[in-house]
Structure formats: structure tokens, C-alpha cells
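Structure first, then comments.
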Amino acid sequence: MAPSAKIVDYGEETHGSKLARKAKESPFMPIGIVGFLAAGVIGAYKYKHRGTMSTSVFLMQLRVAAQGTVVGALTIGLAYTMAKEYLFPLFQSKPGDETK
């Protein structure tokens with residue numbers, strides 16, 4: 001194990017503190033959750049005004065919209081995390097300072 005690795009016990013963690021910790025570790029997770037909830041609320045509103053569209057087709061389109069929102073937010077979050085970990089340090093290192 002690396003000497004800088006932290007060992008943390010999450011045994012007595014509440015749901016709220018776990019959500020706060022996860023949001024701090026991955027800031028795009030709450031954006032994905034809010035996008036999913038927004039797609040659900042908008043879908044519930046539009047369900048009343050769907051016209052002649054069948055319920056199964058409407059629900060499949062709603063599912064695709066909700067999943068697309070979450071996957072898009074997670075993809076952007078992953079790209080940001082990778083850039084922060086691998087790309088940004090390359091621009092901050094000084095010439096001749098090779099740590100790896």
C-alpha cells in the first residue's frame with residue numbers, strides 16, 4: 001500500500017453524509033441525479049399531454065432521455081476527473097522536474 005493512501009472506516013456513515021462524500025469525490029454525480037429527476041418530472045407532466053402516442057412508446061422515450069442524462073453527466077465527470085489527474089499536472093510541472 002502506498003504511504004500516502006488513507007484508510008477510512010465508513011461503517012457508521014449515514015445516508016446524508018455518504019451522499020455528501022460522494023458528491024465531493026465526484027461533482028457530476030449530483031448533476032446526473034438532478035437530470036434524472038428533471039426528466040422524470042417533465043415526463044410526468046408531458047404524459048398528460050402526449051396526444052395519441054401509446055403509453056409504452058412514451059415510457060421508452062422517457063427512459064432513454066433519463067438514462068442519456070445520467071450517462072452524459074457521468075461521462076463528462078469521468079473526462080474531468082481524468083483531465084484533472086493526468087492532463088492538468090503536465091501543464092503545472094516545471095521543465096526538468098520529472099517525478100514519474
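Identifiers for the C-alpha cells are assigned positionally: chains receive A, B, ... in sequence, residues are indexed from 1 per chain, and ligands are indexed from 1 in the order shown.
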Next on the checklist: Give me, as a PyMOL selection string, the residues of region 12-43 of chain A that a backbone DSSP run labels helix (DSSP H, G or I).
Outcome noted: chain A and resi 15-25+28-43
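Near region 61-76 of chain A, within 7 Å and counting only C-alpha atoms, sit Phe28, Met29, Ile31, Gly32, Ile33, Gly35, Phe36, Ala39 and Gly43 of chain A, not including residues fewer than 5 positions from it in the same chain.
Across the model, the gap from CA of Gly77 (chain A) to CA of Pro30 (chain A) is 10.5 Å.
Atom pair CA of Glu25 (chain A) / CA of Leu78 (chain A) has a distance of 11.3 Å (rounded to one decimal).
Atom to atom, CA of Met60 (chain A) and CA of Ala23 (chain A) stand 28.9 Å apart.
Candidate residues A:Leu87, A:Ala79, A:Thr52, A:Ala38 were compared for distance to Ser26 (chain A), and the nearest is A:Ala79, using only C-alpha atoms.
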